[in-house]
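The file target-v3.txt comes next; it holds compact mmCIF, C-alpha atoms (C1' of nucleotides).
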```txt
# COMPACT_ATOMS: atom_id res chain seq x y z
CA MET A 1 141.58 -7.07 -69.13
CA TYR A 2 143.08 -3.74 -68.19
CA GLY A 3 144.73 -1.22 -70.44
CA LEU A 4 147.25 1.48 -69.66
CA CYS A 5 147.78 4.49 -71.86
CA ASP A 6 151.11 6.13 -71.07
CA CYS A 7 152.32 9.27 -72.84
CA ASN A 8 155.89 9.00 -74.09
CA ASN A 9 158.29 11.52 -72.53
CA PHE A 10 155.18 13.59 -71.91
CA PHE A 11 156.49 17.11 -71.20
CA VAL A 12 159.01 16.86 -74.04
CA SER A 13 156.27 15.61 -76.39
CA CYS A 14 154.09 18.59 -75.42
CA GLU A 15 156.86 21.00 -76.39
CA ARG A 16 157.48 19.14 -79.65
CA VAL A 17 153.85 19.43 -80.72
CA PHE A 18 154.57 23.13 -81.31
CA ARG A 19 158.23 22.69 -82.24
CA PRO A 20 158.33 19.84 -84.77
CA ASP A 21 161.85 20.94 -85.70
CA LEU A 22 162.96 19.31 -82.43
CA GLU A 23 162.03 15.76 -83.53
CA GLY A 24 165.03 13.45 -83.41
CA ARG A 25 167.10 15.79 -81.25
CA PRO A 26 167.95 15.82 -77.53
CA VAL A 27 165.35 17.81 -75.58
CA VAL A 28 164.90 18.16 -71.81
CA VAL A 29 162.31 19.85 -69.59
CA LEU A 30 163.29 21.23 -66.19
CA SER A 31 161.55 21.34 -62.81
CA ASN A 32 160.50 24.60 -61.17
CA ASN A 33 163.30 27.14 -60.81
CA ASP A 34 165.05 25.36 -63.69
CA GLY A 35 166.42 23.00 -61.05
CA CYS A 36 166.39 19.39 -62.20
CA VAL A 37 165.75 17.51 -65.43
CA VAL A 38 162.24 16.02 -65.15
CA ALA A 39 161.61 14.90 -68.73
CA ARG A 40 163.96 13.73 -71.47
CA SER A 41 163.56 12.86 -75.12
CA ASN A 42 164.94 9.46 -76.15
CA GLU A 43 167.94 11.25 -77.66
CA ALA A 44 168.61 13.02 -74.34
CA LYS A 45 168.41 9.67 -72.52
CA ALA A 46 170.81 8.17 -75.07
CA ILE A 47 173.54 10.75 -74.43
CA GLY A 48 173.39 9.93 -70.71
CA ILE A 49 171.29 12.68 -69.13
CA GLY A 50 169.69 11.22 -66.01
CA MET A 51 166.19 11.60 -64.63
CA GLY A 52 166.21 14.12 -61.80
CA GLN A 53 169.73 15.23 -62.58
CA PRO A 54 170.45 18.85 -61.58
CA TYR A 55 170.48 20.98 -64.70
CA PHE A 56 173.83 22.60 -63.95
CA GLN A 57 175.37 19.12 -64.20
CA ALA A 58 173.62 18.18 -67.44
CA LYS A 59 173.90 21.52 -69.21
CA GLY A 60 177.33 21.02 -70.79
CA LEU A 61 176.48 17.58 -72.12
CA LEU A 62 173.22 18.81 -73.63
CA GLU A 63 174.89 21.79 -75.30
CA ARG A 64 177.66 19.65 -76.82
CA HIS A 65 174.98 17.56 -78.54
CA GLY A 66 173.04 20.56 -79.81
CA GLY A 67 170.13 19.87 -77.48
CA THR A 68 167.28 22.14 -76.40
CA VAL A 69 166.07 22.94 -72.91
CA PHE A 70 162.65 24.09 -71.65
CA SER A 71 161.49 25.40 -68.29
CA SER A 72 158.34 23.63 -67.17
CA ASN A 73 155.09 25.03 -68.56
CA PHE A 74 152.35 23.31 -66.60
CA THR A 75 149.62 25.41 -68.15
CA LEU A 76 150.47 23.84 -71.50
CA TYR A 77 151.02 20.30 -70.17
CA GLY A 78 147.80 20.36 -68.17
CA ASP A 79 145.78 21.40 -71.19
CA LEU A 80 147.30 18.80 -73.51
CA SER A 81 146.80 16.15 -70.82
CA ARG A 82 143.11 17.05 -70.68
CA ARG A 83 142.90 16.62 -74.47
CA VAL A 84 144.60 13.21 -74.37
CA MET A 85 142.25 12.02 -71.61
CA THR A 86 139.17 13.32 -73.45
CA THR A 87 140.19 11.42 -76.58
CA LEU A 88 140.84 8.24 -74.61
CA ARG A 89 137.51 8.54 -72.83
CA SER A 90 135.73 8.67 -76.19
CA LEU A 91 137.27 5.33 -77.23
CA VAL A 92 136.82 3.12 -74.16
CA LYS A 93 134.08 2.64 -71.59
CA GLU A 94 135.71 3.53 -68.31
CA ILE A 95 138.96 5.28 -67.50
CA GLU A 96 140.94 6.09 -64.37
CA ILE A 97 143.21 9.10 -64.76
CA TYR A 98 146.24 8.05 -62.77
CA SER A 99 148.56 11.01 -63.35
CA ILE A 100 149.07 13.88 -65.74
CA ASP A 101 150.38 11.48 -68.40
CA GLU A 102 148.81 8.09 -67.61
CA ALA A 103 145.38 6.54 -67.53
CA PHE A 104 144.12 3.00 -66.95
CA PHE A 105 141.05 1.71 -68.72
CA ASN A 106 138.73 -1.25 -68.54
CA LEU A 107 138.32 -3.51 -71.58
CA GLU A 108 135.35 -5.56 -70.54
CA GLY A 109 132.71 -5.82 -73.21
CA HIS A 110 134.80 -4.61 -76.12
CA GLU A 111 134.22 -6.74 -79.18
CA GLU A 112 137.09 -5.44 -81.29
CA PRO A 113 140.24 -7.60 -80.96
CA LEU A 114 142.18 -5.95 -78.15
CA GLU A 115 145.43 -5.56 -80.00
CA GLU A 116 143.60 -3.76 -82.80
CA LEU A 117 141.82 -1.54 -80.31
CA GLY A 118 145.15 -0.67 -78.71
CA HIS A 119 146.59 0.47 -82.01
CA ARG A 120 143.44 2.42 -82.79
CA ILE A 121 143.67 4.26 -79.43
CA ARG A 122 147.28 5.08 -80.07
CA ASN A 123 146.71 6.36 -83.58
CA THR A 124 143.65 8.42 -82.64
CA ILE A 125 145.39 10.14 -79.73
CA ARG A 126 148.36 10.91 -81.95
CA ARG A 127 146.13 12.36 -84.66
CA HIS A 128 143.93 14.41 -82.29
CA THR A 129 146.59 15.78 -79.95
CA GLY A 130 150.02 15.22 -81.49
CA ILE A 131 151.13 13.26 -78.41
CA PRO A 132 152.72 9.79 -78.90
CA VAL A 133 151.52 7.20 -76.37
CA SER A 134 152.31 3.59 -75.49
CA ILE A 135 149.54 1.12 -74.77
CA GLY A 136 149.82 -1.92 -72.50
CA ILE A 137 147.01 -4.46 -72.21
CA ALA A 138 147.05 -7.34 -69.70
CA PRO A 139 144.92 -9.15 -67.08
CA THR A 140 145.87 -6.76 -64.24
CA LYS A 141 146.95 -3.15 -63.83
CA THR A 142 150.45 -4.10 -62.68
CA LEU A 143 150.93 -6.36 -65.73
CA ALA A 144 149.51 -3.62 -67.99
CA LYS A 145 152.22 -1.31 -66.66
CA ILE A 146 154.84 -3.87 -67.65
CA ALA A 147 153.22 -4.33 -71.06
CA ALA A 148 153.27 -0.57 -71.68
CA LYS A 149 156.95 -0.51 -70.77
CA LEU A 150 157.65 -3.24 -73.32
CA ALA A 151 155.61 -1.36 -75.93
CA LYS A 152 157.86 1.63 -75.38
CA GLN A 153 161.03 -0.45 -75.39
CA TYR A 154 160.56 -2.59 -78.50
CA PRO A 155 159.93 -0.68 -81.75
CA LYS A 156 158.62 -3.81 -83.48
CA LEU A 157 155.53 -3.70 -81.22
CA SER A 158 154.59 -0.32 -82.78
CA GLY A 159 153.64 1.12 -79.40
CA CYS A 160 151.13 -1.48 -78.25
CA CYS A 161 151.73 -4.64 -76.25
CA TYR A 162 148.91 -7.10 -75.56
CA MET A 163 150.04 -9.67 -73.02
CA HIS A 164 147.56 -12.37 -72.04
CA ARG A 165 148.83 -15.97 -72.49
CA GLU A 166 150.13 -17.38 -69.23
CA GLU A 167 153.31 -18.78 -70.72
CA ASP A 168 154.08 -15.45 -72.42
CA ILE A 169 153.61 -13.59 -69.15
CA ARG A 170 155.91 -16.00 -67.32
CA LYS A 171 158.54 -15.56 -70.00
CA VAL A 172 158.34 -11.78 -69.68
CA LEU A 173 158.46 -11.84 -65.87
CA SER A 174 161.53 -14.06 -65.80
CA LYS A 175 163.43 -11.33 -67.63
CA PHE A 176 161.77 -8.26 -66.15
CA PRO A 177 163.82 -6.51 -63.41
CA LEU A 178 161.92 -6.60 -60.11
CA ARG A 179 162.93 -3.05 -59.24
CA ASP A 180 161.12 -1.79 -62.34
CA VAL A 181 157.83 -3.32 -61.22
CA TRP A 182 155.09 -0.85 -60.21
CA GLY A 183 154.93 -0.87 -56.41
CA ILE A 184 158.55 -1.87 -55.82
CA GLY A 185 160.36 1.30 -54.83
CA ARG A 186 163.91 2.10 -53.81
CA ARG A 187 163.66 0.62 -50.32
CA TYR A 188 162.28 -2.75 -51.36
CA GLY A 189 164.47 -2.74 -54.45
CA LYS A 190 167.53 -2.60 -52.22
CA LEU A 191 166.22 -5.34 -49.95
CA PHE A 192 165.61 -7.67 -52.89
CA ASP A 193 168.99 -6.90 -54.44
CA GLN A 194 170.58 -8.07 -51.20
CA MET A 195 168.46 -11.22 -51.29
CA GLN A 196 169.49 -11.85 -54.90
CA ILE A 197 165.84 -11.68 -55.98
CA LEU A 198 166.26 -9.77 -59.18
CA THR A 199 163.39 -10.64 -61.53
CA ALA A 200 159.64 -10.30 -61.19
CA GLN A 201 159.32 -14.08 -61.62
CA GLN A 202 161.61 -14.75 -58.62
CA PHE A 203 159.41 -12.43 -56.55
CA VAL A 204 156.26 -14.27 -57.60
CA GLU A 205 157.84 -17.54 -56.40
CA LEU A 206 158.25 -16.18 -52.84
CA ASP A 207 155.93 -17.46 -50.12
CA LYS A 208 152.78 -15.38 -49.69
CA ARG A 209 153.16 -15.26 -45.90
CA TRP A 210 156.67 -13.91 -46.24
CA VAL A 211 155.48 -11.16 -48.57
CA GLN A 212 152.62 -10.30 -46.21
CA GLY A 213 154.91 -10.11 -43.19
CA ARG A 214 157.58 -8.07 -44.87
CA MET A 215 155.59 -5.77 -47.18
CA GLY A 216 152.05 -5.78 -45.80
CA ILE A 217 148.90 -5.94 -47.83
CA THR A 218 150.29 -3.65 -50.56
CA GLY A 219 153.09 -6.12 -51.23
CA VAL A 220 150.65 -9.02 -51.42
CA ARG A 221 148.58 -7.09 -53.97
CA THR A 222 151.59 -6.57 -56.20
CA TRP A 223 152.51 -10.25 -55.77
CA GLN A 224 148.99 -11.32 -56.81
CA GLU A 225 148.71 -8.84 -59.66
CA LEU A 226 151.91 -10.24 -61.19
CA GLN A 227 150.22 -13.66 -61.18
CA GLY A 228 147.26 -12.30 -63.08
CA ILE A 229 144.94 -12.01 -60.06
CA PRO A 230 143.38 -8.53 -60.21
CA SER A 231 143.88 -6.89 -56.81
CA LEU A 232 143.81 -3.21 -57.71
CA PRO A 233 140.40 -2.20 -59.05
CA LEU A 234 139.89 0.64 -61.47
CA ASP A 235 139.44 3.60 -59.13
CA ASP A 236 137.11 6.47 -59.67
CA LEU A 237 139.52 9.22 -58.79
CA SER A 238 137.13 11.95 -59.90
CA ALA A 239 136.30 12.24 -56.19
CA SER A 240 138.00 15.21 -54.60
CA ARG A 241 141.50 15.10 -53.17
CA GLN A 242 142.49 14.25 -49.61
CA GLN A 243 145.14 16.94 -49.43
CA ILE A 244 146.13 20.16 -51.19
CA THR A 245 149.74 21.36 -51.22
CA VAL A 246 151.41 24.46 -52.57
CA SER A 247 155.14 24.56 -51.95
CA ARG A 248 158.17 25.96 -53.74
CA SER A 249 161.92 26.13 -53.49
CA PHE A 250 163.24 29.66 -53.72
CA PRO A 251 165.88 30.84 -56.18
CA HIS A 252 167.88 32.22 -53.20
CA GLU A 253 168.00 31.65 -49.46
CA ILE A 254 165.61 33.94 -47.56
CA TYR A 255 166.53 35.28 -44.10
CA ASP A 256 163.70 37.77 -43.65
CA CYS A 257 160.50 36.75 -41.88
CA GLY A 258 158.44 39.45 -43.58
CA GLU A 259 159.42 38.19 -47.03
CA LEU A 260 158.54 34.63 -46.07
CA GLU A 261 155.20 35.81 -44.71
CA ARG A 262 154.29 37.35 -48.03
CA ILE A 263 155.24 34.14 -49.87
CA VAL A 264 153.34 31.91 -47.46
CA ALA A 265 150.31 34.20 -47.79
CA GLU A 266 150.45 33.67 -51.55
CA PHE A 267 150.70 29.88 -51.14
CA ALA A 268 147.73 29.92 -48.75
CA THR A 269 145.77 31.93 -51.31
CA MET A 270 146.54 29.37 -54.04
CA CYS A 271 145.50 26.54 -51.71
CA GLY A 272 142.24 28.35 -51.03
CA GLU A 273 141.50 28.65 -54.75
CA LYS A 274 142.05 24.93 -55.28
CA LEU A 275 139.96 24.12 -52.21
CA ARG A 276 136.96 26.15 -53.37
CA ARG A 277 137.28 24.80 -56.91
CA GLN A 278 136.68 21.26 -55.63
CA GLY A 279 133.85 22.46 -53.38
CA SER A 280 135.43 21.47 -50.05
CA VAL A 281 136.08 23.09 -46.71
CA CYS A 282 139.20 22.16 -44.74
CA ARG A 283 139.82 21.49 -41.08
CA THR A 284 143.62 21.64 -40.91
CA ILE A 285 146.36 23.84 -42.27
CA HIS A 286 150.07 22.96 -42.12
CA CYS A 287 152.97 25.27 -42.75
CA PHE A 288 156.53 24.05 -43.23
CA LEU A 289 159.87 25.72 -43.67
CA MET A 290 163.29 24.31 -44.58
CA THR A 291 166.84 25.50 -45.14
CA ASN A 292 169.00 24.37 -48.07
CA ARG A 293 169.78 20.71 -47.37
CA HIS A 294 172.50 20.68 -50.02
CA ARG A 295 174.56 23.23 -48.10
CA ALA A 296 176.23 21.19 -45.35
CA ASP A 297 178.31 24.25 -44.46
CA GLN A 298 175.25 26.22 -43.36
CA PRO A 299 173.12 25.80 -40.23
CA GLN A 300 170.04 23.68 -40.90
CA HIS A 301 166.50 24.07 -39.66
CA THR A 302 163.37 22.27 -40.82
CA GLU A 303 160.09 22.60 -39.00
CA GLU A 304 156.39 22.11 -39.47
CA ALA A 305 153.41 23.39 -37.51
CA HIS A 306 149.72 22.99 -37.97
CA TYR A 307 146.44 24.45 -36.82
CA ARG A 308 142.98 22.95 -36.53
CA PHE A 309 140.00 25.15 -37.30
CA SER A 310 137.10 24.67 -34.89
CA THR A 311 134.77 25.07 -37.87
CA PRO A 312 136.00 23.86 -41.29
CA ILE A 313 136.57 26.81 -43.63
CA ASP A 314 137.34 27.71 -47.22
CA SER A 315 138.01 31.42 -46.82
CA THR A 316 141.32 32.70 -48.18
CA LEU A 317 141.36 35.32 -45.42
CA ALA A 318 141.28 32.69 -42.68
CA LEU A 319 143.89 30.55 -44.46
CA VAL A 320 146.25 33.48 -44.92
CA LYS A 321 145.87 34.57 -41.30
CA GLU A 322 146.60 31.13 -39.84
CA GLY A 323 149.33 30.41 -42.40
CA ARG A 324 151.23 33.52 -41.40
CA GLU A 325 150.82 32.80 -37.70
CA LEU A 326 152.17 29.28 -38.14
CA LEU A 327 155.10 30.64 -40.09
CA ARG A 328 155.93 33.16 -37.37
CA ALA A 329 155.84 30.34 -34.83
CA ILE A 330 158.42 28.21 -36.67
CA PHE A 331 160.63 30.90 -38.21
CA ARG A 332 164.05 31.34 -36.61
CA GLU A 333 166.32 34.29 -37.07
CA GLY A 334 169.67 33.62 -38.72
CA PHE A 335 168.73 30.70 -40.97
CA GLY A 336 168.68 30.93 -44.75
CA TYR A 337 165.40 29.35 -45.82
CA LYS A 338 165.20 27.68 -49.20
CA LYS A 339 161.73 26.19 -49.29
CA ALA A 340 158.32 26.66 -47.71
CA GLY A 341 154.86 25.28 -48.20
CA ILE A 342 151.24 25.21 -47.12
CA ILE A 343 149.25 21.98 -46.88
CA LEU A 344 145.49 21.74 -46.32
CA GLY A 345 143.74 18.59 -45.09
CA GLY A 346 140.71 17.27 -43.26
CA PHE A 347 138.28 18.01 -46.07
CA GLU A 348 134.52 17.93 -45.95
CA PRO A 349 132.07 18.83 -48.67
CA ARG A 350 131.08 22.47 -48.35
CA SER A 351 127.42 21.62 -48.81
CA THR A 352 127.27 19.58 -45.59
CA GLN A 353 129.57 21.74 -43.51
CA GLN A 354 129.42 20.91 -39.79
CA GLN A 355 129.09 23.94 -37.49
CA SER A 356 130.65 24.03 -34.03
CA LEU A 357 128.30 24.04 -31.06
CA PHE A 358 130.35 26.50 -29.01
CA GLU A 359 132.42 28.56 -31.44
CA PRO A 360 130.77 31.32 -33.42
CA PRO A 361 130.14 30.32 -37.04
CA SER A 362 132.70 31.48 -39.58
CA ASP A 363 132.07 35.00 -40.82
CA PRO A 364 129.19 34.71 -43.31
CA ARG A 365 130.44 37.73 -45.25
CA HIS A 366 133.46 35.70 -46.37
CA GLU A 367 131.33 33.47 -48.54
CA ARG A 368 130.19 36.31 -50.75
CA LEU A 369 133.65 37.83 -50.72
CA MET A 370 135.26 34.58 -51.90
CA GLU A 371 132.72 34.26 -54.70
CA VAL A 372 133.62 37.72 -55.93
CA LEU A 373 137.34 37.12 -55.47
CA ASP A 374 137.21 33.92 -57.53
CA ARG A 375 135.07 35.47 -60.22
CA VAL A 376 137.34 38.49 -60.62
CA ASN A 377 140.46 36.31 -60.78
CA ARG A 378 138.92 33.89 -63.26
CA HIS A 379 138.04 36.79 -65.52
CA TYR A 380 141.09 39.03 -65.17
CA GLY A 381 143.71 36.36 -64.44
CA HIS A 382 145.29 34.86 -61.34
CA GLY A 383 146.40 37.50 -58.83
CA ALA A 384 144.31 40.34 -60.25
CA LEU A 385 142.66 40.67 -56.84
CA LYS A 386 144.56 39.55 -53.75
CA THR A 387 145.04 40.04 -50.02
CA ALA A 388 147.33 42.82 -48.82
CA ALA A 389 149.36 40.20 -46.94
CA GLU A 390 150.73 38.91 -50.25
CA GLY A 391 152.44 42.21 -50.97
CA GLU A 392 152.88 43.86 -54.31
CA HIS A 393 155.31 41.56 -56.03
CA PRO A 394 154.28 37.95 -56.61
CA PHE A 395 156.71 35.15 -55.89
CA GLN A 396 158.98 34.61 -58.90
CA MET A 397 160.73 31.41 -59.98
CA ASN A 398 163.58 31.10 -62.43
CA ARG A 399 162.00 30.18 -65.75
CA GLU A 400 164.57 31.13 -68.28
CA HIS A 401 163.50 28.75 -71.03
CA VAL A 402 159.73 28.75 -70.82
CA SER A 403 157.67 28.22 -73.98
CA GLN A 404 154.39 29.89 -74.89
CA ARG A 405 151.02 28.88 -73.47
CA TYR A 406 149.97 28.00 -77.01
CA THR A 407 146.57 26.53 -76.21
CA THR A 408 145.22 28.67 -73.36
CA GLU A 409 146.21 32.33 -73.98
CA TRP A 410 145.03 34.33 -76.96
CA GLY A 411 148.20 36.40 -76.87
CA GLU A 412 150.45 33.35 -77.11
CA LEU A 413 148.99 31.43 -80.03
CA LEU A 414 151.36 29.71 -82.42
CA THR A 415 152.46 32.04 -85.23
CA VAL A 416 153.03 30.58 -88.66
CA LYS A 417 155.33 32.55 -90.92
CA ALA A 418 155.32 32.35 -94.71
CA LYS A 419 158.75 31.70 -96.17
C1' DT B 1 176.29 29.90 -58.37
C1' DC B 2 172.96 25.98 -59.41
C1' DT B 3 169.86 20.53 -56.52
C1' DG B 4 161.26 19.87 -57.98
C1' DG B 5 156.37 19.51 -56.63
C1' DG B 6 152.28 17.08 -55.62
C1' DG B 7 150.02 13.19 -54.40
C1' DT B 8 148.26 8.13 -52.46
C1' DC B 9 147.64 4.22 -49.20
C1' DC B 10 148.89 1.38 -45.15
C1' DT B 11 150.26 0.50 -40.37
C1' DA B 12 150.95 0.98 -35.53
C1' DG B 13 149.74 2.97 -31.43
C1' DG B 14 146.98 5.88 -28.42
C1' DA B 15 142.53 7.67 -26.87
C1' DC B 16 138.19 6.54 -26.40
C1' DC B 17 133.68 3.80 -26.63
C1' DC B 18 130.34 -0.01 -24.71
C1' DT C 1 146.81 -12.79 -5.69
C1' DC C 2 143.52 -12.07 -9.46
C1' DT C 3 142.02 -7.35 -13.76
C1' DG C 4 137.75 -8.90 -20.74
C1' DG C 5 136.62 -8.50 -25.34
C1' DG C 6 135.56 -6.10 -29.18
C1' DG C 7 135.33 -2.11 -31.44
C1' DT C 8 136.16 3.08 -33.80
C1' DC C 9 138.66 7.18 -34.83
C1' DC C 10 142.71 9.84 -35.25
C1' DT C 11 147.58 10.82 -36.15
C1' DA C 12 152.38 10.26 -37.40
C1' DG C 13 155.47 8.04 -40.09
C1' DG C 14 156.85 5.12 -43.80
C1' DA C 15 156.35 3.08 -48.08
C1' DC C 16 155.08 4.06 -52.76
C1' DC C 17 153.74 6.79 -57.29
C1' DC C 18 154.47 10.31 -61.41
```
Representation of the structure as structure tokens:
Amino acid sequence: MYGLCDCNNFFVSCERVFRPDLEGRPVVVLSNNDGCVVARSNEAKAIGIGMGQPYFQAKGLLERHGGTVFSSNFTLYGDLSRRVMTTLRSLVKEIEIYSIDEAFFNLEGHEEPLEELGHRIRNTIRRHTGIPVSIGIAPTKTLAKIAAKLAKQYPKLSGCCYMHREEDIRKVLSKFPLRDVWGIGRRYGKLFDQMQILTAQQFVELDKRWVQGRMGITGVRTWQELQGIPSLPLDDLSASRQQITVSRSFPHEIYDCGELERIVAEFATMCGEKLRRQGSVCRTIHCFLMTNRHRADQPQHTEEAHYRFSTPIDSTLALVKEGRELLRAIFREGFGYKKAGIILGGFEPRSTQQQSLFEPPSDPRHERLMEVLDRVNRHYGHGALKTAAEGEHPFQMNREHVSQRYTTEWGELLTVKAK
DNA sequence: TCTGGGGTCCTAGGACCC
DNA sequence: TCTGGGGTCCTAGGACCC
């Protein structure tokens, strides 16, 4: 049996931990630059605010219902996520952290009745962190996702759904919309709508060879998982990432190459910090640039370029240098750029770094320099020490409604006032 | 006026190997 | 005239996820 622990409306719940006055009222959290709605309280969903809706479209509706809006505060959400995962890890044997607000766990060898255990997990996480979660328990991960959805949907389940009898599962699947199944995205959803295959049960009744031919091995796995055949093992994702990205949309279009260079240098620096934190060196760096795709009246240009280091590196100086060169290669005069990013890939562990036979080894002085750079910035805060290429003023996003970093900054602790 | 960011895995095809 | 069989590795692009 697999369990899924899914935080309810996670970003909104994080804000409500420190603002209990917002219980029962519409609350939304916005993406970077206060662009789109990325989390909604149940009340905000009920008044018709959509997921991913641009804020300027939702603003009026929210205000009419006396709702509250927050800019995203990932420092806070990341810290509360860590607390939720720590609590969960103390209650079950093995967990796979799937995203900032979800984790799977394995239930083999637990003696406590599983439904009871589910409720105990839910109550403990609520008590220790203030975050409400939904628990789904079922024979496979895909079914556990469905169970967690039901737990969220039906109040009489009190936040935990244990789904294991075959006839119960079939009954659920024959009502469950196929497009809401984990692994069925927009593209396949459309295809199945056209075929009039609307429920998960109808999908399960398709021929395996058809599924294989049309959707590949990933489709077959979903098909099997829905039948209770485990096909997605619990992954140990503690291994390091395959790719590191830092990208942002800008508040305004940027026409100046020098300004973009400073921003890209900052993104490359942030990538370098992440890279060294996971103890890797990288072989490739990509830089991309795009204009505002929502402005059909303006000329469009999107381009990407990449560079391969002859010796894998983790030095911010090398990343900044190549990042800026790539940018200069793809930048075109006269276009208003709205978004840029740096992506690192081709990772190897730093400890077993392969040297090139013909190229000179990377500058050994960088290693010491990066150690000092990271130590200074850990102690005095991000950006205390930086490359000249980044310029004086760090890249700023719109964050008009940001809350305090209650749990990670001494200066921003919650203040309690006596009445 | 305003429209997010960061990931994963799979597949097909090309280069290359013996 | 005729031209094998069995692999690996890499990359780009497409699907998906939260």
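Minimum distance to DG6 in chain B across A:Leu198, A:Ile100, A:Arg165, A:Asp374 (counting only C-alpha atoms (C1' of nucleotides)) occurs at A:Ile100.
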Coordinates of box centre and edge lengths for range 161-177 of chain A, 3 Å on every side, axis-aligned, as JSON:
```
{"center_x": 155.7, "center_y": -11.7, "center_z": -69.8, "size_x": 22.3, "size_y": 20.1, "size_z": 18.8}
```
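Near (154.8, 18.8, -61.0), the residues inside the 12 Å limit, counting only C-alpha atoms (C1' of nucleotides), come to Phe11, Val29, Leu30, Ser31, Asn32, Asn33, Cys36, Val37, Val38, Ala39, Ser71, Ser72, Asn73, Phe74, Thr75, Tyr77, Gly78, Ser99, Ile100, Asp101, Thr245, Val246, Ser247 and Arg248 of chain A; DG4, DG5, DG6 and DG7 of chain B; DC18 of chain C.
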Keeping only C-alpha atoms (C1' of nucleotides), write the selected residues as a PDB file, in the coordinates of the input.
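Just written: selection.pdb:
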```
ATOM      1  CA  PHE A  11     156.490  17.110 -71.200  1.00  0.00           C
ATOM      2  CA  VAL A  29     162.310  19.850 -69.590  1.00  0.00           C
ATOM      3  CA  LEU A  30     163.290  21.230 -66.190  1.00  0.00           C
ATOM      4  CA  SER A  31     161.550  21.340 -62.810  1.00  0.00           C
ATOM      5  CA  ASN A  32     160.500  24.600 -61.170  1.00  0.00           C
ATOM      6  CA  ASN A  33     163.300  27.140 -60.810  1.00  0.00           C
ATOM      7  CA  CYS A  36     166.390  19.390 -62.200  1.00  0.00           C
ATOM      8  CA  VAL A  37     165.750  17.510 -65.430  1.00  0.00           C
ATOM      9  CA  VAL A  38     162.240  16.020 -65.150  1.00  0.00           C
ATOM     10  CA  ALA A  39     161.610  14.900 -68.730  1.00  0.00           C
ATOM     11  CA  SER A  71     161.490  25.400 -68.290  1.00  0.00           C
ATOM     12  CA  SER A  72     158.340  23.630 -67.170  1.00  0.00           C
ATOM     13  CA  ASN A  73     155.090  25.030 -68.560  1.00  0.00           C
ATOM     14  CA  PHE A  74     152.350  23.310 -66.600  1.00  0.00           C
ATOM     15  CA  THR A  75     149.620  25.410 -68.150  1.00  0.00           C
ATOM     16  CA  TYR A  77     151.020  20.300 -70.170  1.00  0.00           C
ATOM     17  CA  GLY A  78     147.800  20.360 -68.170  1.00  0.00           C
ATOM     18  CA  SER A  99     148.560  11.010 -63.350  1.00  0.00           C
ATOM     19  CA  ILE A 100     149.070  13.880 -65.740  1.00  0.00           C
ATOM     20  CA  ASP A 101     150.380  11.480 -68.400  1.00  0.00           C
ATOM     21  CA  THR A 245     149.740  21.360 -51.220  1.00  0.00           C
ATOM     22  CA  VAL A 246     151.410  24.460 -52.570  1.00  0.00           C
ATOM     23  CA  SER A 247     155.140  24.560 -51.950  1.00  0.00           C
ATOM     24  CA  ARG A 248     158.170  25.960 -53.740  1.00  0.00           C
TER      25      ARG A 248
ATOM     26  C1'  DG B   4     161.260  19.870 -57.980  1.00  0.00           C
ATOM     27  C1'  DG B   5     156.370  19.510 -56.630  1.00  0.00           C
ATOM     28  C1'  DG B   6     152.280  17.080 -55.620  1.00  0.00           C
ATOM     29  C1'  DG B   7     150.020  13.190 -54.400  1.00  0.00           C
TER      30       DG B   7
ATOM     31  C1'  DC C  18     154.470  10.310 -61.410  1.00  0.00           C
TER      32       DC C  18
END
```
> Contacts of Gly345 in chain A at 12 Å or less, counting all atoms listed in the file, minus same-chain residues fewer than 6 places along, as a ChimeraX atom specification?
Replying inline: /A:240-245,271-272,275,280-287,306-309,312-314,319
Would you save the residues from that selection as a CSV table (one decimal), keeping the file's coordinate frame, using C-alpha atoms?
```
chain,number,residue,atom,x,y,z
A,240,SER,CA,138.0,15.2,-54.6
A,241,ARG,CA,141.5,15.1,-53.2
A,242,GLN,CA,142.5,14.2,-49.6
A,243,GLN,CA,145.1,16.9,-49.4
A,244,ILE,CA,146.1,20.2,-51.2
A,245,THR,CA,149.7,21.4,-51.2
A,271,CYS,CA,145.5,26.5,-51.7
A,272,GLY,CA,142.2,28.4,-51.0
A,275,LEU,CA,140.0,24.1,-52.2
A,280,SER,CA,135.4,21.5,-50.0
A,281,VAL,CA,136.1,23.1,-46.7
A,282,CYS,CA,139.2,22.2,-44.7
A,283,ARG,CA,139.8,21.5,-41.1
A,284,THR,CA,143.6,21.6,-40.9
A,285,ILE,CA,146.4,23.8,-42.3
A,286,HIS,CA,150.1,23.0,-42.1
A,287,CYS,CA,153.0,25.3,-42.8
A,306,HIS,CA,149.7,23.0,-38.0
A,307,TYR,CA,146.4,24.4,-36.8
A,308,ARG,CA,143.0,23.0,-36.5
A,309,PHE,CA,140.0,25.2,-37.3
A,312,PRO,CA,136.0,23.9,-41.3
A,313,ILE,CA,136.6,26.8,-43.6
A,314,ASP,CA,137.3,27.7,-47.2
A,319,LEU,CA,143.9,30.6,-44.5
```
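As for CA of Thr311 in chain A and CA of Leu369 in chain A, they are spaced 18.1 Å apart.
CA of Leu76 in chain A to CA of Ser403 in chain A spans 8.8 Å [interatomic distance, one decimal].
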>> Residues within 10 Å of Ala144 in chain A, please, as a VMD selection string. Count all atoms listed in the file; anything in the same chain fewer than 3 positions from it doesn't count.
In response: chain A and resid 1 to 5 104 135 to 141 147 to 150 161 to 164 182 225 to 226
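Across the model, the gap from CA of Glu348 in chain A to CA of Lys274 in chain A is 13.9 Å.
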